[in-house]
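K.L.:
Handing over query_26.cif, mmCIF, C-alpha atoms.
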```cif
data_target
loop_
_atom_site.group_PDB
_atom_site.id
_atom_site.type_symbol
_atom_site.label_atom_id
_atom_site.label_comp_id
_atom_site.auth_asym_id
_atom_site.auth_seq_id
_atom_site.Cartn_x
_atom_site.Cartn_y
_atom_site.Cartn_z
ATOM 1 C CA MET A 1 -13.995 -15.272 2.261
ATOM 2 C CA SER A 2 -16.282 -12.397 3.217
ATOM 3 C CA GLU A 3 -17.485 -10.117 0.452
ATOM 4 C CA SER A 4 -14.434 -8.595 -1.186
ATOM 5 C CA ILE A 5 -13.736 -4.867 -1.432
ATOM 6 C CA LEU A 6 -11.216 -5.403 -4.247
ATOM 7 C CA LYS A 7 -11.181 -8.268 -6.732
ATOM 8 C CA VAL A 8 -8.428 -8.987 -9.242
ATOM 9 C CA GLU A 9 -9.287 -11.159 -12.243
ATOM 10 C CA ASN A 10 -6.810 -12.514 -14.798
ATOM 11 C CA LEU A 11 -4.359 -9.641 -14.339
ATOM 12 C CA ASN A 12 -1.313 -9.617 -16.607
ATOM 13 C CA ALA A 13 1.375 -6.942 -16.765
ATOM 14 C CA TRP A 14 4.345 -6.239 -18.998
ATOM 15 C CA PHE A 15 7.366 -3.989 -19.232
ATOM 16 C CA GLY A 16 7.659 -3.809 -23.007
ATOM 17 C CA SER A 17 7.788 -7.470 -24.114
ATOM 18 C CA ILE A 18 8.786 -8.786 -20.671
ATOM 19 C CA GLN A 19 5.839 -10.248 -18.751
ATOM 20 C CA ALA A 20 5.943 -9.325 -15.058
ATOM 21 C CA LEU A 21 2.580 -10.740 -13.914
ATOM 22 C CA LYS A 22 0.773 -13.828 -15.206
ATOM 23 C CA ASN A 23 -2.968 -14.375 -14.832
ATOM 24 C CA ILE A 24 -3.293 -13.169 -11.242
ATOM 25 C CA ASP A 25 -6.618 -13.789 -9.460
ATOM 26 C CA LEU A 26 -6.967 -12.390 -5.920
ATOM 27 C CA GLU A 27 -9.631 -10.999 -3.610
ATOM 28 C CA PHE A 28 -9.176 -8.660 -0.672
ATOM 29 C CA SER A 29 -11.593 -8.482 2.263
ATOM 30 C CA PRO A 30 -12.661 -5.273 3.989
ATOM 31 C CA HIS A 31 -10.810 -4.404 7.213
ATOM 32 C CA SER A 32 -7.913 -6.762 6.588
ATOM 33 C CA VAL A 33 -4.151 -6.632 6.109
ATOM 34 C CA THR A 34 -2.692 -8.704 3.277
ATOM 35 C CA ALA A 35 1.074 -9.217 3.027
ATOM 36 C CA LEU A 36 2.627 -9.777 -0.396
ATOM 37 C CA ILE A 37 5.836 -11.799 -0.094
ATOM 38 C CA GLY A 38 8.363 -13.254 -2.504
ATOM 39 C CA PRO A 39 11.936 -12.688 -3.704
ATOM 40 C CA SER A 40 13.054 -9.493 -5.424
ATOM 41 C CA GLY A 41 11.815 -9.178 -8.983
ATOM 42 C CA CYS A 42 8.890 -11.585 -8.555
ATOM 43 C CA GLY A 43 6.157 -9.040 -9.379
ATOM 44 C CA LYS A 44 4.993 -7.808 -5.947
ATOM 45 C CA SER A 45 5.596 -4.103 -6.544
ATOM 46 C CA THR A 46 4.282 -4.331 -10.100
ATOM 47 C CA PHE A 47 1.130 -5.936 -8.725
ATOM 48 C CA VAL A 48 0.393 -3.177 -6.202
ATOM 49 C CA ARG A 49 1.106 -0.515 -8.833
ATOM 50 C CA CYS A 50 -1.452 -2.187 -11.108
ATOM 51 C CA LEU A 51 -4.041 -1.899 -8.326
ATOM 52 C CA ASN A 52 -4.142 1.903 -8.602
ATOM 53 C CA ARG A 53 -2.991 2.212 -12.214
ATOM 54 C CA LEU A 54 0.457 3.563 -11.436
ATOM 55 C CA HIS A 55 2.054 0.763 -13.476
ATOM 56 C CA GLU A 56 0.950 2.304 -16.776
ATOM 57 C CA GLU A 57 2.781 5.545 -15.887
ATOM 58 C CA VAL A 58 6.069 3.734 -16.644
ATOM 59 C CA PRO A 59 7.013 4.182 -20.324
ATOM 60 C CA GLY A 60 6.316 0.951 -22.217
ATOM 61 C CA ALA A 61 4.450 -0.654 -19.310
ATOM 62 C CA THR A 62 1.041 -2.210 -19.965
ATOM 63 C CA ALA A 63 -1.557 -4.241 -18.079
ATOM 64 C CA GLN A 64 -4.550 -6.369 -19.019
ATOM 65 C CA GLY A 65 -7.298 -7.882 -16.898
ATOM 66 C CA LYS A 66 -9.776 -6.623 -14.338
ATOM 67 C CA VAL A 67 -9.351 -4.907 -10.998
ATOM 68 C CA ILE A 68 -12.836 -4.483 -9.572
ATOM 69 C CA LEU A 69 -13.248 -1.839 -6.875
ATOM 70 C CA GLN A 70 -16.697 -1.601 -5.316
ATOM 71 C CA GLY A 71 -18.255 -3.259 -8.356
ATOM 72 C CA LYS A 72 -16.445 -1.213 -11.038
ATOM 73 C CA ASN A 73 -13.466 -2.299 -13.160
ATOM 74 C CA ILE A 74 -10.798 0.381 -12.685
ATOM 75 C CA TYR A 75 -9.380 -0.470 -16.139
ATOM 76 C CA ASP A 76 -12.650 0.427 -17.863
ATOM 77 C CA VAL A 77 -12.033 3.142 -20.476
ATOM 78 C CA THR A 78 -14.499 5.445 -18.711
ATOM 79 C CA VAL A 79 -12.554 5.421 -15.426
ATOM 80 C CA ASP A 80 -10.266 8.322 -14.483
ATOM 81 C CA PRO A 81 -7.012 6.954 -12.955
ATOM 82 C CA VAL A 82 -6.652 10.080 -10.795
ATOM 83 C CA LEU A 83 -9.956 9.313 -9.062
ATOM 84 C CA ILE A 84 -8.857 5.716 -8.561
ATOM 85 C CA ARG A 85 -5.721 6.903 -6.760
ATOM 86 C CA ARG A 86 -7.856 8.837 -4.292
ATOM 87 C CA LYS A 87 -9.711 5.630 -3.432
ATOM 88 C CA ILE A 88 -6.606 3.428 -3.458
ATOM 89 C CA GLY A 89 -3.831 5.289 -1.660
ATOM 90 C CA MET A 90 -0.141 4.470 -1.948
ATOM 91 C CA VAL A 91 2.823 4.645 0.425
ATOM 92 C CA PHE A 92 6.210 3.985 -1.139
ATOM 93 C CA GLN A 93 9.400 2.317 0.042
ATOM 94 C CA LYS A 94 11.247 5.569 0.710
ATOM 95 C CA PRO A 95 9.494 8.492 2.421
ATOM 96 C CA ASN A 96 8.660 11.103 -0.219
ATOM 97 C CA PRO A 97 7.197 14.225 1.390
ATOM 98 C CA PHE A 98 6.874 17.141 -1.010
ATOM 99 C CA PRO A 99 10.124 19.039 -0.314
ATOM 100 C CA SER A 100 8.775 22.551 -0.781
ATOM 101 C CA LEU A 101 5.700 22.063 1.430
ATOM 102 C CA SER A 102 5.140 22.343 5.172
ATOM 103 C CA VAL A 103 4.004 19.413 7.301
ATOM 104 C CA MET A 104 0.404 20.602 7.096
ATOM 105 C CA ASP A 105 0.499 21.311 3.355
ATOM 106 C CA ASN A 106 1.942 17.842 2.765
ATOM 107 C CA VAL A 107 -1.016 16.277 4.581
ATOM 108 C CA VAL A 108 -3.701 18.242 2.727
ATOM 109 C CA ALA A 109 -2.073 18.314 -0.725
ATOM 110 C CA GLY A 110 -4.702 15.951 -2.121
ATOM 111 C CA LEU A 111 -7.573 18.005 -0.724
ATOM 112 C CA LYS A 112 -6.155 21.205 -2.200
ATOM 113 C CA LEU A 113 -5.843 19.492 -5.579
ATOM 114 C CA ALA A 114 -9.528 18.634 -5.272
ATOM 115 C CA GLY A 115 -10.301 22.335 -4.747
ATOM 116 C CA ILE A 116 -10.841 22.323 -0.977
ATOM 117 C CA ARG A 117 -9.484 25.574 0.451
ATOM 118 C CA ARG A 118 -11.404 26.317 3.649
ATOM 119 C CA LYS A 119 -8.835 26.626 6.437
ATOM 120 C CA SER A 120 -11.054 25.061 9.114
ATOM 121 C CA ILE A 121 -11.595 21.929 7.004
ATOM 122 C CA LEU A 122 -7.898 21.665 6.143
ATOM 123 C CA MET A 123 -6.918 22.016 9.795
ATOM 124 C CA GLU A 124 -9.470 19.437 10.890
ATOM 125 C CA VAL A 125 -8.261 16.931 8.270
ATOM 126 C CA THR A 126 -4.616 17.616 9.166
ATOM 127 C CA GLU A 127 -5.216 16.832 12.828
ATOM 128 C CA ARG A 128 -7.347 13.759 12.125
ATOM 129 C CA SER A 129 -4.888 12.315 9.581
ATOM 130 C CA LEU A 130 -1.809 12.945 11.715
ATOM 131 C CA LYS A 131 -3.544 11.326 14.688
ATOM 132 C CA GLN A 132 -4.443 8.325 12.509
ATOM 133 C CA ALA A 133 -0.785 8.139 11.470
ATOM 134 C CA ALA A 134 0.338 8.318 15.139
ATOM 135 C CA LEU A 135 2.275 11.506 14.393
ATOM 136 C CA TRP A 136 0.156 14.359 15.777
ATOM 137 C CA ASP A 137 1.777 14.566 19.209
ATOM 138 C CA GLU A 138 5.233 14.722 17.631
ATOM 139 C CA VAL A 139 4.514 17.434 15.035
ATOM 140 C CA LYS A 140 1.547 19.508 16.282
ATOM 141 C CA ASP A 141 3.944 22.370 17.036
ATOM 142 C CA LYS A 142 5.797 21.953 13.723
ATOM 143 C CA LEU A 143 2.932 22.151 11.223
ATOM 144 C CA ASN A 144 4.494 25.081 9.371
ATOM 145 C CA GLN A 145 7.972 23.550 9.199
ATOM 146 C CA PRO A 146 9.078 21.724 6.017
ATOM 147 C CA GLY A 147 7.978 18.091 5.840
ATOM 148 C CA THR A 148 11.554 17.191 4.971
ATOM 149 C CA SER A 149 12.747 18.526 8.350
ATOM 150 C CA LEU A 150 11.279 15.482 10.102
ATOM 151 C CA SER A 151 13.175 12.245 10.813
ATOM 152 C CA GLY A 152 12.951 9.365 8.342
ATOM 153 C CA GLY A 153 10.369 7.481 10.388
ATOM 154 C CA GLN A 154 8.321 10.645 10.889
ATOM 155 C CA GLN A 155 8.482 11.419 7.169
ATOM 156 C CA GLN A 156 7.090 7.967 6.372
ATOM 157 C CA ARG A 157 4.215 8.480 8.812
ATOM 158 C CA LEU A 158 3.667 11.927 7.229
ATOM 159 C CA CYS A 159 3.320 10.197 3.858
ATOM 160 C CA ILE A 160 0.813 7.795 5.422
ATOM 161 C CA ALA A 161 -1.117 10.774 6.833
ATOM 162 C CA ARG A 162 -1.113 12.351 3.358
ATOM 163 C CA ALA A 163 -2.602 9.156 1.914
ATOM 164 C CA LEU A 164 -5.194 8.938 4.719
ATOM 165 C CA ALA A 165 -6.338 12.561 4.333
ATOM 166 C CA VAL A 166 -8.548 11.720 1.338
ATOM 167 C CA GLU A 167 -10.055 8.760 3.262
ATOM 168 C CA PRO A 168 -9.293 5.928 0.843
ATOM 169 C CA PRO A 169 -11.005 2.585 1.506
ATOM 170 C CA ILE A 170 -7.770 0.846 0.439
ATOM 171 C CA LEU A 171 -4.140 1.644 1.263
ATOM 172 C CA LEU A 172 -1.235 0.117 -0.662
ATOM 173 C CA MET A 173 2.179 0.006 1.032
ATOM 174 C CA ASP A 174 5.297 -0.987 -0.915
ATOM 175 C CA GLU A 175 7.896 -2.061 1.672
ATOM 176 C CA PRO A 176 7.106 0.973 3.849
ATOM 177 C CA THR A 177 9.569 0.052 6.600
ATOM 178 C CA SER A 178 12.563 -1.234 4.617
ATOM 179 C CA ALA A 179 14.435 2.093 4.922
ATOM 180 C CA LEU A 180 13.566 2.630 8.603
ATOM 181 C CA ASP A 181 15.169 1.821 11.948
ATOM 182 C CA PRO A 182 13.597 -0.841 14.247
ATOM 183 C CA ILE A 183 11.764 1.709 16.457
ATOM 184 C CA SER A 184 10.185 3.460 13.460
ATOM 185 C CA THR A 185 9.365 0.080 11.920
ATOM 186 C CA ALA A 186 7.524 -0.975 15.089
ATOM 187 C CA LYS A 187 5.485 2.256 15.021
ATOM 188 C CA ILE A 188 4.472 1.679 11.399
ATOM 189 C CA GLU A 189 3.484 -1.933 12.187
ATOM 190 C CA GLU A 190 1.327 -0.808 15.129
ATOM 191 C CA LEU A 191 -0.205 1.794 12.855
ATOM 192 C CA VAL A 192 -1.082 -0.760 10.155
ATOM 193 C CA ILE A 193 -2.899 -2.914 12.709
ATOM 194 C CA GLN A 194 -4.915 0.158 13.801
ATOM 195 C CA LEU A 195 -5.656 1.257 10.226
ATOM 196 C CA LYS A 196 -7.472 -1.945 9.303
ATOM 197 C CA LYS A 197 -10.345 -0.861 11.550
ATOM 198 C CA ASN A 198 -11.164 1.702 8.874
ATOM 199 C CA MET A 199 -9.729 0.323 5.645
ATOM 200 C CA THR A 200 -8.067 -2.523 3.772
ATOM 201 C CA VAL A 201 -4.254 -2.565 3.749
ATOM 202 C CA ILE A 202 -2.200 -4.376 1.084
ATOM 203 C CA MET A 203 1.494 -4.412 1.957
ATOM 204 C CA VAL A 204 4.599 -5.616 0.122
ATOM 205 C CA THR A 205 7.265 -6.852 2.539
ATOM 206 C CA HIS A 206 10.514 -8.810 2.386
ATOM 207 C CA ASN A 207 10.374 -9.328 6.128
ATOM 208 C CA MET A 208 8.808 -12.699 6.917
ATOM 209 C CA GLN A 209 8.490 -11.874 10.624
ATOM 210 C CA GLN A 210 6.700 -8.642 9.766
ATOM 211 C CA ALA A 211 4.233 -10.462 7.529
ATOM 212 C CA ALA A 212 3.577 -12.984 10.303
ATOM 213 C CA ARG A 213 3.093 -10.237 12.911
ATOM 214 C CA ILE A 214 0.680 -7.914 11.178
ATOM 215 C CA SER A 215 -1.145 -9.596 8.286
ATOM 216 C CA ASP A 216 -4.372 -11.582 8.165
ATOM 217 C CA LYS A 217 -3.682 -13.001 4.700
ATOM 218 C CA THR A 218 -0.468 -13.667 2.809
ATOM 219 C CA ALA A 219 0.102 -13.959 -0.947
ATOM 220 C CA PHE A 220 3.344 -15.539 -2.180
ATOM 221 C CA PHE A 221 4.572 -14.391 -5.595
ATOM 222 C CA LEU A 222 7.310 -16.056 -7.632
ATOM 223 C CA LEU A 223 8.456 -15.160 -11.161
ATOM 224 C CA GLY A 224 5.234 -13.301 -11.907
ATOM 225 C CA ASP A 225 2.956 -16.090 -10.672
ATOM 226 C CA LEU A 226 0.764 -16.127 -7.590
ATOM 227 C CA VAL A 227 1.933 -19.387 -6.033
ATOM 228 C CA GLU A 228 -0.156 -19.392 -2.855
ATOM 229 C CA PHE A 229 -2.697 -17.251 -1.030
ATOM 230 C CA GLY A 230 -4.389 -17.891 2.286
ATOM 231 C CA ASP A 231 -4.575 -17.128 5.975
ATOM 232 C CA THR A 232 -1.153 -15.987 7.158
ATOM 233 C CA SER A 233 -1.047 -18.540 9.978
ATOM 234 C CA THR A 234 -1.687 -21.352 7.472
ATOM 235 C CA VAL A 235 0.731 -20.114 4.802
ATOM 236 C CA PHE A 236 3.533 -19.848 7.363
ATOM 237 C CA THR A 237 2.944 -23.113 9.200
ATOM 238 C CA VAL A 238 1.397 -25.574 6.734
ATOM 239 C CA PRO A 239 1.814 -24.122 3.217
ATOM 240 C CA ARG A 240 0.192 -26.087 0.415
ATOM 241 C CA GLU A 241 3.016 -25.462 -2.056
ATOM 242 C CA LYS A 242 6.554 -26.796 -1.732
ATOM 243 C CA ARG A 243 7.926 -23.551 -3.220
ATOM 244 C CA THR A 244 6.201 -21.532 -0.499
ATOM 245 C CA GLU A 245 7.759 -23.675 2.209
ATOM 246 C CA GLN A 246 11.205 -23.398 0.591
ATOM 247 C CA TYR A 247 10.957 -19.595 0.419
ATOM 248 C CA ILE A 248 9.665 -19.136 3.972
ATOM 249 C CA THR A 249 12.352 -21.415 5.399
ATOM 250 C CA GLY A 250 15.097 -19.561 3.514
ATOM 251 C CA LYS A 251 15.984 -22.216 0.923
ATOM 252 C CA PHE A 252 15.935 -19.457 -1.732
ATOM 253 C CA GLY A 253 15.076 -15.759 -2.096
#
```
Render the structure in this file as structure tokens.
P.N.:
Amino acid sequence: MSESILKVENLNAWFGSIQALKNIDLEFSPHSVTALIGPSGCGKSTFVRCLNRLHEEVPGATAQGKVILQGKNIYDVTVDPVLIRRKIGMVFQKPNPFPSLSVMDNVVAGLKLAGIRRKSILMEVTERSLKQAALWDEVKDKLNQPGTSLSGGQQQRLCIARALAVEPPILLMDEPTSALDPISTAKIEELVIQLKKNMTVIMVTHNMQQAARISDKTAFFLLGDLVEFGDTSTVFTVPREKRTEQYITGKFG
């Protein structure tokens, strides 16, 4: 594997006394898409939430281990989780634009929180981010309208633009197309393939075909364990583990 941008070492996670992740070791390469697959409740979403320290925001939830971003463990006591979330963006399963904000203000919310107020900079970032999210042509005349006035697929791309505005080197996506129609899903998939030119994408999906179409690497989780990780083409055609083969072929899950 080429030099990793993100390295996970011996990561464990709990909800109270229930262990959700067990000794996970994984590395992510720059400019790649990694699909996280596995049945519901196997730890995929918990894993991505540990990667930008959202997991610990859940009452009673804890994590132990190392997540090394650009040489620094994000779980070090000196690290500010808010700064981590600017470097490791997150797009959730359901579109969640800020309901009281316009399209433009949704995109630049993170910049405003960081104290950036100059209109020319905000406009420039809005246009760049919406173009990156393949949404600019559809909303350039609606920048002052509420973000919630857009269609579901547009709202999800708006949330992607919001994450891209702060230029994170890593983007986490937790089933970003599961609530969308096939046309919107195809647009998001095309977008993910484009985004890896500039960043690393880590994406939870229940859709085996989607994982096969857009990812370079695939990680298969089961009951909190990482069962298999490798090139997507290998995992889907000649998996090393019997459990991986059974899941991919629909024997369970």
K.L.:
Please determine, counting all atoms listed in the file, which residue among A:Leu226, A:Ala63, A:Leu6, A:Leu135 has the shortest atom-to-atom distance to A:Leu172.
P.N.:
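Checking each candidate against A:Leu172, we get A:Leu6 as the closest.
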K.L.:
Given 3 Å of margin on each side, can you work out the centre and size in Å (one decimal) of an axis-aligned box holding every listed atom of stretch 80-98 of chain A, as JSON?
P.N.:
```
{"center_x": 0.5, "center_y": 9.7, "center_z": -6.0, "size_x": 27.5, "size_y": 20.8, "size_z": 22.9}
```
K.L.:
Might you spell out which residues the PyMOL selection byres ((chain A and resi 146) around 12) would select in the displayed file, as a VMD selection string?
P.N.:
chain A and resid 97 to 107 139 142 to 145 147 to 151 155 158
K.L.:
In Å, with one decimal, what is the gap from atom CA of A:Thr78 to atom CA of A:Ala163?
P.N.:
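So the answer is 24.1 Å.
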K.L.:
Need to verify the contact set: A:Gln209, 12 Å, all atoms listed in the file, exclusion of same-chain residues closer than 6 positions in sequence. Can you return it as a PyMOL selection string?
P.N.:
chain A and resi 35+37+186+189+215+232-233+236+248-249
